[in-house]
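Presented below is the structure to which this report refers.
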Amino acid sequence: MKTFDYSRADSPEAAVQGGAVGNTRFIAGGTNLLDLMKLQIETPERIVDISRLDLNEVEEGEDGGLRIGAMVPNADLAANPLVTARYPVLSRALLAGASGQLRNKASTGGNFLQRTRCYYFYDTAVPCNKREPGSGCPAKDGFNRIHAILGTSDDCIASHPSDMAVAMRALDAVLVTLKPDGDRRRISIHDLYRLPGDTPQIETVLEAGELITHVELPPPPVGKQSYRKVRDRASYAFALVSVAAIVAVDDGRITNASLAFGGIGPMPWREDAVEKALIGQVPGDAAFNAAADILLADAKGFGSNDFKIPLARRTLIAVLRELTGDAA
Amino acid sequence: MAWERKVGKAMHFTINGKNYDADPDIRTSLLDLLREHLNLTGSKKGCDHGQCGACTVLVNGRRINSCLTLAVMHQDDEITTIEGIGTPDNLAPLQAAFVKHDGFQCGYCTPGQICSATGMLNEAKQGWPSHVSERLEGDVELTDDEIRERMSGNLCRCSAYPNIVDAIREVAEEPA
Ligand SMILES: Cc1cc2nc3c(=O)[nH]c(=O)nc-3n(C[C@H](O)[C@H](O)[C@H](O)COP(=O)(O)OP(=O)(O)OC[C@H]3O[C@@H](n4cnc5c(N)ncnc54)[C@H](O)[C@@H]3O)c2cc1C
Ligand code: SF4
Ligand code: FES
Ligand code: FES
């Protein structure tokens, strides 16, 4: 690990001032940042400790939504009665991720910004465009079992590893941030992440020193909620494919659908056309397959991840059957 | 804002109810602080990357991986390690249950397993659901599936899992 200067922030304002200086990182739970610093993939010169900031509340919003402090640990958010009762897809996604110990430390803000688990990104002995822009992408022709099938570019095919963020995308979360110049802004999760293109090292629209202070959820969409995660072992493994789904059926027809996908894209994936294709349809495999066709129209495998294309279809169909009561 | 590096200034810690001073490099993980600076070698290093659970300790009563956090971040916390859970003459119930059920072979993962189980039983008492819970609300019944899921952050290379589950189940079933 490269050495660094350390400072503990006692207010969000102090944190962004510290964070604005050159090569600085915030540390929240530290479960991703320290992992990467030990391998010298992250080499910040300064660390601002935001773990003691008073951003630990989960509050009901005036609109019937929820306001979640960025430092709320994943474990607490998953067990929060407001979340379990009204946003079960979020509890389920959180509980499907990492381990009990990690969820006790991992923060809401940090979870969004965790970096890919691409094997080559983690191996500093080999090239990687995300780690060293312009050096190449060995994953394309290498081992890519965990990599993306949608939204990839010639320069990077990494997938986003978060479970929580997939549920957040299905729930239309909004991030509230504070910038070093004192401005606050609200960033929809749909605008947070960037496609890799030819700059895979830039993953989000956040600016240097911009601090996530809260995450807001609008009132829960109508419908039943579910999170389905497929992985190599039954516990304590990242998703190969996951689906966060909220679906309502009325009078024999689908009236609402909100679907986000993990493991298949460089960001939690959501595609309006998939949902539109379902609305008004009679639940059943015909409608579900038509939706999967739209989702996967541009899907592209790279060899060892080809299986994700049929797996994403099956996982989507399984979750739709579950939520529309059509389960065999 | 004030920045610290290795300033030769002592850090202060509260571990197992005792006060400790140390002057580790700013990069020192909580795990390395315990093992290399304070001679509290009960906590073990397996992977150093949050993947095995051997380093599990309790911070303010909550189980965490001590390898993935910096010592400097925990100067105001109550830290509990396996040394503070019980002693050879006065075993904690979980420790006694691990002995009774042979919940280990080489023993390397055991301190982490016991610290983790201590935190886990508390979480279950507070009604925290898990990935395998059918309902997200209400009392938690610690079935074997629940224990396995909740302990999945602790690996055992000797695969003593069945006996570890037996030991934890026995303590979970004891009237509080
Ligand atoms: C063994 C292992 C297994 C895992 N399994 C899973 C899994 O199955 N599913 C899953 O989803 N995750 C998994 N994780 C990842 C885990 O969820 C993340 O490491 C965690 O959520 C990151 O949160 P943190 O608070 O620890 O972030 P940190 O490590 O503190 O920070 C991560 C990044 O976010 C930035 N940051 C943090 N907070 C803020 C803020 N408020 N504003 C601006 N920037 C901020 C930091 O500067 C840093 O760049 C696993 C991790 C490990 C080690
Ligand atoms: S997929 Fe992205 S992260 Fe992985 S090696 Fe290629 S450029 Fe690096
Ligand atoms: S040593 Fe900390 S989890 Fe393995
Ligand atoms: S007893 Fe040997 S690793 Fe668990």
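Naming works like this for the structure tokens: A, B, ... for the chains as they're shown, residue 1 at the start of each chain, ligands 1 onward in shown order.
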Task: stretch 203-210 of chain A surroundings by only C-alpha atoms, 6 Å radius, close-in-sequence under 4 positions cut, as a list of chain:residue names - done: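 My reading of the contact set: A:Val16, A:Gly19, A:Ala20, A:Leu178, A:Lys179, A:Leu192, A:Tyr193, A:Arg194.
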Quick one: write out the picked residues with N, CA and C atoms as a PDB file, in the first residue's frame?
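Output saved as selection28.pdb:
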```pdb
ATOM      1  N   VAL A  16     -15.872  17.713   1.806  1.00  0.00           N
ATOM      2  CA  VAL A  16     -15.697  18.089   0.393  1.00  0.00           C
ATOM      3  C   VAL A  16     -14.522  19.045   0.220  1.00  0.00           C
ATOM      4  N   GLY A  19     -11.741  16.751   0.194  1.00  0.00           N
ATOM      5  CA  GLY A  19     -11.814  15.892  -0.987  1.00  0.00           C
ATOM      6  C   GLY A  19     -11.467  16.605  -2.278  1.00  0.00           C
ATOM      7  N   ALA A  20     -11.513  17.920  -2.250  1.00  0.00           N
ATOM      8  CA  ALA A  20     -11.268  18.687  -3.472  1.00  0.00           C
ATOM      9  C   ALA A  20      -9.798  18.723  -3.845  1.00  0.00           C
ATOM     10  N   LEU A 178     -23.049  16.786  -2.391  1.00  0.00           N
ATOM     11  CA  LEU A 178     -22.499  18.092  -2.035  1.00  0.00           C
ATOM     12  C   LEU A 178     -21.176  18.230  -2.774  1.00  0.00           C
ATOM     13  N   LYS A 179     -21.002  19.387  -3.440  1.00  0.00           N
ATOM     14  CA  LYS A 179     -19.775  19.588  -4.209  1.00  0.00           C
ATOM     15  C   LYS A 179     -18.840  20.517  -3.440  1.00  0.00           C
ATOM     16  N   LEU A 192     -26.347   8.420 -13.218  1.00  0.00           N
ATOM     17  CA  LEU A 192     -25.119   8.363 -12.404  1.00  0.00           C
ATOM     18  C   LEU A 192     -23.953   7.714 -13.145  1.00  0.00           C
ATOM     19  N   TYR A 193     -24.234   6.567 -13.750  1.00  0.00           N
ATOM     20  CA  TYR A 193     -23.138   5.786 -14.332  1.00  0.00           C
ATOM     21  C   TYR A 193     -22.908   6.143 -15.782  1.00  0.00           C
ATOM     22  N   ARG A 194     -21.654   5.978 -16.221  1.00  0.00           N
ATOM     23  CA  ARG A 194     -21.315   6.221 -17.626  1.00  0.00           C
ATOM     24  C   ARG A 194     -20.951   4.913 -18.308  1.00  0.00           C
TER      25      ARG A 194
END
```
Open item on the list: Please identify all protein, DNA and RNA residues within 12 Å of ligand 4, counting only C-alpha atoms and all ligand atoms, and report them as a PyMOL selection string.
Closed with: chain B and resi 44-46+52-54+98-99+102-114+154-164
- [ ] Output the neighbourhood of ligand 1 as JSON, numbers by chain, that is, all protein and nucleic acid residues with some atom at most 8 Å from the ligand, counting only C-alpha atoms and all ligand atoms.
- [x] {"A": [25, 26, 27, 28, 29, 30, 31, 32, 33, 34, 35, 50, 70, 71, 73, 74, 93, 94, 96, 97, 98, 99, 102, 103, 105, 106, 107, 108, 109, 110, 111, 112, 113, 114, 115, 161, 162, 163, 164, 165, 177, 206, 209, 210, 211, 212, 213, 214, 236, 237, 238, 239], "B": [49, 50, 51, 52, 68]}
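Remark: for ligand 3, the closest of the candidate residues A:Gly142, A:Thr315, A:Gln101, A:Asp293 is A:Gln101 (distances computed over only C-alpha atoms and all ligand atoms).
The contact shell of ligand 2, defined as all polymer residues within 8 Å when only C-alpha atoms and all ligand atoms are used, comprises Thr116, Arg117, Cys118, Tyr119, Tyr120, Phe121, Pro127, Cys128, Asn129, Lys130, Arg131, Gly136, Cys137, Pro138, Ala139, Lys140, Asn144, His147, Asp155, Cys156, Ile157, Ala158, Ser159 and Pro200 of chain A.
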Take the residues that were just selected and, keeping N, CA, C and O atoms, output them as a tab-separated table (two decimals), in the first residue's frame.
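Final output, saved to out_12.tsv:
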```tsv
chain	number	residue	atom	x	y	z
A	116	THR	N	-15.38	-2.70	-10.42
A	116	THR	CA	-15.62	-4.02	-11.02
A	116	THR	C	-14.76	-5.11	-10.39
A	116	THR	O	-13.69	-4.83	-9.84
A	117	ARG	N	-15.20	-6.35	-10.48
A	117	ARG	CA	-14.40	-7.48	-10.01
A	117	ARG	C	-13.67	-8.15	-11.17
A	117	ARG	O	-13.19	-9.28	-11.00
A	118	CYS	N	-13.57	-7.51	-12.32
A	118	CYS	CA	-12.80	-8.05	-13.46
A	118	CYS	C	-11.44	-8.54	-12.97
A	118	CYS	O	-10.71	-7.78	-12.33
A	119	TYR	N	-11.09	-9.79	-13.30
A	119	TYR	CA	-9.84	-10.38	-12.79
A	119	TYR	C	-8.61	-9.59	-13.24
A	119	TYR	O	-7.62	-9.49	-12.53
A	120	TYR	N	-8.67	-9.04	-14.46
A	120	TYR	CA	-7.50	-8.35	-15.01
A	120	TYR	C	-7.35	-6.96	-14.39
A	120	TYR	O	-6.24	-6.48	-14.21
A	121	PHE	N	-8.47	-6.36	-14.04
A	121	PHE	CA	-8.43	-5.09	-13.32
A	121	PHE	C	-7.69	-5.28	-12.00
A	121	PHE	O	-6.94	-4.40	-11.54
A	127	PRO	N	-2.09	-5.64	-18.53
A	127	PRO	CA	-2.72	-4.38	-18.94
A	127	PRO	C	-4.21	-4.35	-18.56
A	127	PRO	O	-4.81	-5.40	-18.32
A	128	CYS	N	-4.77	-3.17	-18.50
A	128	CYS	CA	-6.21	-2.99	-18.28
A	128	CYS	C	-6.53	-1.52	-18.52
A	128	CYS	O	-5.97	-0.66	-17.85
A	129	ASN	N	-7.42	-1.27	-19.47
A	129	ASN	CA	-7.74	0.12	-19.82
A	129	ASN	C	-8.38	0.89	-18.68
A	129	ASN	O	-8.28	2.12	-18.60
A	130	LYS	N	-9.08	0.20	-17.81
A	130	LYS	CA	-9.74	0.88	-16.70
A	130	LYS	C	-8.71	1.32	-15.66
A	130	LYS	O	-8.81	2.39	-15.08
A	131	ARG	N	-7.71	0.47	-15.47
A	131	ARG	CA	-6.67	0.77	-14.48
A	131	ARG	C	-5.60	1.68	-15.09
A	131	ARG	O	-5.13	2.61	-14.45
A	136	GLY	N	-4.84	-1.52	-22.89
A	136	GLY	CA	-5.45	-2.69	-23.53
A	136	GLY	C	-6.45	-3.38	-22.63
A	136	GLY	O	-6.58	-3.03	-21.45
A	137	CYS	N	-7.18	-4.33	-23.20
A	137	CYS	CA	-8.19	-5.07	-22.43
A	137	CYS	C	-8.03	-6.57	-22.66
A	137	CYS	O	-8.55	-7.11	-23.63
A	138	PRO	N	-7.29	-7.23	-21.78
A	138	PRO	CA	-7.08	-8.67	-21.97
A	138	PRO	C	-8.35	-9.51	-21.75
A	138	PRO	O	-8.39	-10.67	-22.16
A	139	ALA	N	-9.36	-8.92	-21.16
A	139	ALA	CA	-10.56	-9.72	-20.85
A	139	ALA	C	-11.31	-10.14	-22.11
A	139	ALA	O	-11.92	-11.21	-22.16
A	140	LYS	N	-11.28	-9.29	-23.11
A	140	LYS	CA	-12.06	-9.56	-24.33
A	140	LYS	C	-11.75	-10.93	-24.93
A	140	LYS	O	-12.63	-11.64	-25.37
A	144	ASN	N	-13.63	-14.35	-19.32
A	144	ASN	CA	-14.62	-13.28	-19.16
A	144	ASN	C	-15.96	-13.80	-18.67
A	144	ASN	O	-17.00	-13.26	-19.01
A	147	HIS	N	-18.11	-11.18	-17.08
A	147	HIS	CA	-18.16	-9.88	-17.76
A	147	HIS	C	-19.51	-9.58	-18.39
A	147	HIS	O	-20.40	-10.41	-18.43
A	155	ASP	N	-13.02	-1.04	-25.64
A	155	ASP	CA	-11.98	-0.80	-24.63
A	155	ASP	C	-12.22	-1.48	-23.30
A	155	ASP	O	-11.30	-1.63	-22.50
A	156	CYS	N	-13.48	-1.86	-23.00
A	156	CYS	CA	-13.75	-2.46	-21.68
A	156	CYS	C	-15.08	-3.22	-21.71
A	156	CYS	O	-16.08	-2.71	-22.21
A	157	ILE	N	-15.06	-4.43	-21.14
A	157	ILE	CA	-16.29	-5.24	-21.09
A	157	ILE	C	-16.65	-5.61	-19.64
A	157	ILE	O	-17.37	-6.57	-19.40
A	158	ALA	N	-16.15	-4.82	-18.70
A	158	ALA	CA	-16.36	-5.13	-17.28
A	158	ALA	C	-17.83	-4.98	-16.90
A	158	ALA	O	-18.56	-4.17	-17.47
A	159	SER	N	-18.26	-5.76	-15.90
A	159	SER	CA	-19.62	-5.63	-15.37
A	159	SER	C	-19.57	-4.91	-14.03
A	159	SER	O	-18.55	-4.92	-13.33
A	200	PRO	N	-13.01	3.98	-20.07
A	200	PRO	CA	-13.57	3.09	-19.03
A	200	PRO	C	-13.12	3.45	-17.62
A	200	PRO	O	-13.72	2.99	-16.64
```
TODO: Residues of chain B near chain A: apply a cut-off of 6 Å, count only C-alpha atoms, and supply the list as a PyMOL selection string.
DONE: chain B and resi 3-5+49+63-65+68-69+128+130-131+136+153
- [ ] Name the residues of stretch 16-58 of chain B that fall into strand (DSSP E or B) according to DSSP on the backbone, using the chain letters and numbers of this document, as a list in words.
- [x]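 Going through stretch 16-58 of chain B, the strand (DSSP E or B) residues come out as Lys18, Asn19, Tyr20, Asp21, Ala22, Ser29, Thr56, Val57 and Leu58 of chain B.
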Excluding B:Gly86 and its own-chain neighbours fewer than 4 positions away, which residues fall within 12 Å of it when counting only C-alpha atoms? Please give them as a tab-separated table (two decimals) with N, CA, C and O atoms, in the first residue's frame.
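And here's around_13.tsv as it stands now:
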```tsv
chain	number	residue	atom	x	y	z
B	16	ASN	N	-11.20	-4.97	24.40
B	16	ASN	CA	-11.60	-5.88	25.48
B	16	ASN	C	-11.64	-5.15	26.83
B	16	ASN	O	-11.20	-5.67	27.85
B	42	GLY	N	-4.92	-13.61	18.70
B	42	GLY	CA	-6.06	-14.51	18.51
B	42	GLY	C	-6.75	-14.29	17.18
B	42	GLY	O	-7.12	-15.24	16.48
B	80	THR	N	-13.79	-5.66	20.48
B	80	THR	CA	-13.74	-6.94	21.21
B	80	THR	C	-13.13	-7.99	20.30
B	80	THR	O	-13.58	-8.19	19.17
B	81	THR	N	-12.09	-8.65	20.79
B	81	THR	CA	-11.46	-9.73	20.03
B	81	THR	C	-11.74	-11.04	20.76
B	81	THR	O	-12.32	-11.05	21.85
B	82	ILE	N	-11.27	-12.13	20.19
B	82	ILE	CA	-11.51	-13.44	20.81
B	82	ILE	C	-10.95	-13.47	22.24
B	82	ILE	O	-11.51	-14.10	23.13
B	90	ASN	N	-12.52	-19.66	31.76
B	90	ASN	CA	-13.88	-19.14	31.83
B	90	ASN	C	-14.40	-18.95	30.41
B	90	ASN	O	-14.50	-17.85	29.90
B	91	LEU	N	-14.71	-20.10	29.78
B	91	LEU	CA	-15.11	-20.06	28.38
B	91	LEU	C	-16.48	-19.43	28.21
B	91	LEU	O	-17.38	-19.66	29.01
B	92	ALA	N	-16.63	-18.65	27.14
B	92	ALA	CA	-17.95	-18.16	26.78
B	92	ALA	C	-18.76	-19.35	26.25
B	92	ALA	O	-18.18	-20.34	25.80
B	93	PRO	N	-20.10	-19.28	26.32
B	93	PRO	CA	-20.92	-20.42	25.87
B	93	PRO	C	-20.56	-20.90	24.46
B	93	PRO	O	-20.51	-22.11	24.22
B	94	LEU	N	-20.31	-19.96	23.55
B	94	LEU	CA	-19.97	-20.40	22.19
B	94	LEU	C	-18.64	-21.16	22.17
B	94	LEU	O	-18.48	-22.16	21.47
B	95	GLN	N	-17.68	-20.69	22.95
B	95	GLN	CA	-16.39	-21.37	23.00
B	95	GLN	C	-16.57	-22.79	23.54
B	95	GLN	O	-16.03	-23.75	22.98
B	96	ALA	N	-17.33	-22.91	24.62
B	96	ALA	CA	-17.56	-24.24	25.20
B	96	ALA	C	-18.29	-25.14	24.20
B	96	ALA	O	-17.96	-26.33	24.07
B	111	PRO	N	-11.26	-18.49	15.96
B	111	PRO	CA	-11.53	-17.20	16.61
B	111	PRO	C	-12.48	-16.33	15.79
B	111	PRO	O	-13.40	-15.70	16.34
B	114	ILE	N	-16.03	-17.70	16.04
B	114	ILE	CA	-16.69	-17.43	17.33
B	114	ILE	C	-17.06	-15.95	17.45
B	114	ILE	O	-18.15	-15.60	17.89
B	115	CYS	N	-16.16	-15.07	17.02
B	115	CYS	CA	-16.52	-13.64	17.04
B	115	CYS	C	-17.69	-13.39	16.10
B	115	CYS	O	-18.62	-12.64	16.42
B	118	THR	N	-20.91	-14.65	17.58
B	118	THR	CA	-21.35	-13.76	18.66
B	118	THR	C	-22.14	-12.59	18.08
B	118	THR	O	-23.25	-12.27	18.54
```
TODO: Between atom CA of B:Pro24 and atom CA of B:Leu38, measure the distance and give it in Å to one decimal.
DONE: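 So the two atoms, atom CA of B:Pro24 and atom CA of B:Leu38, lie 10.1 Å apart.
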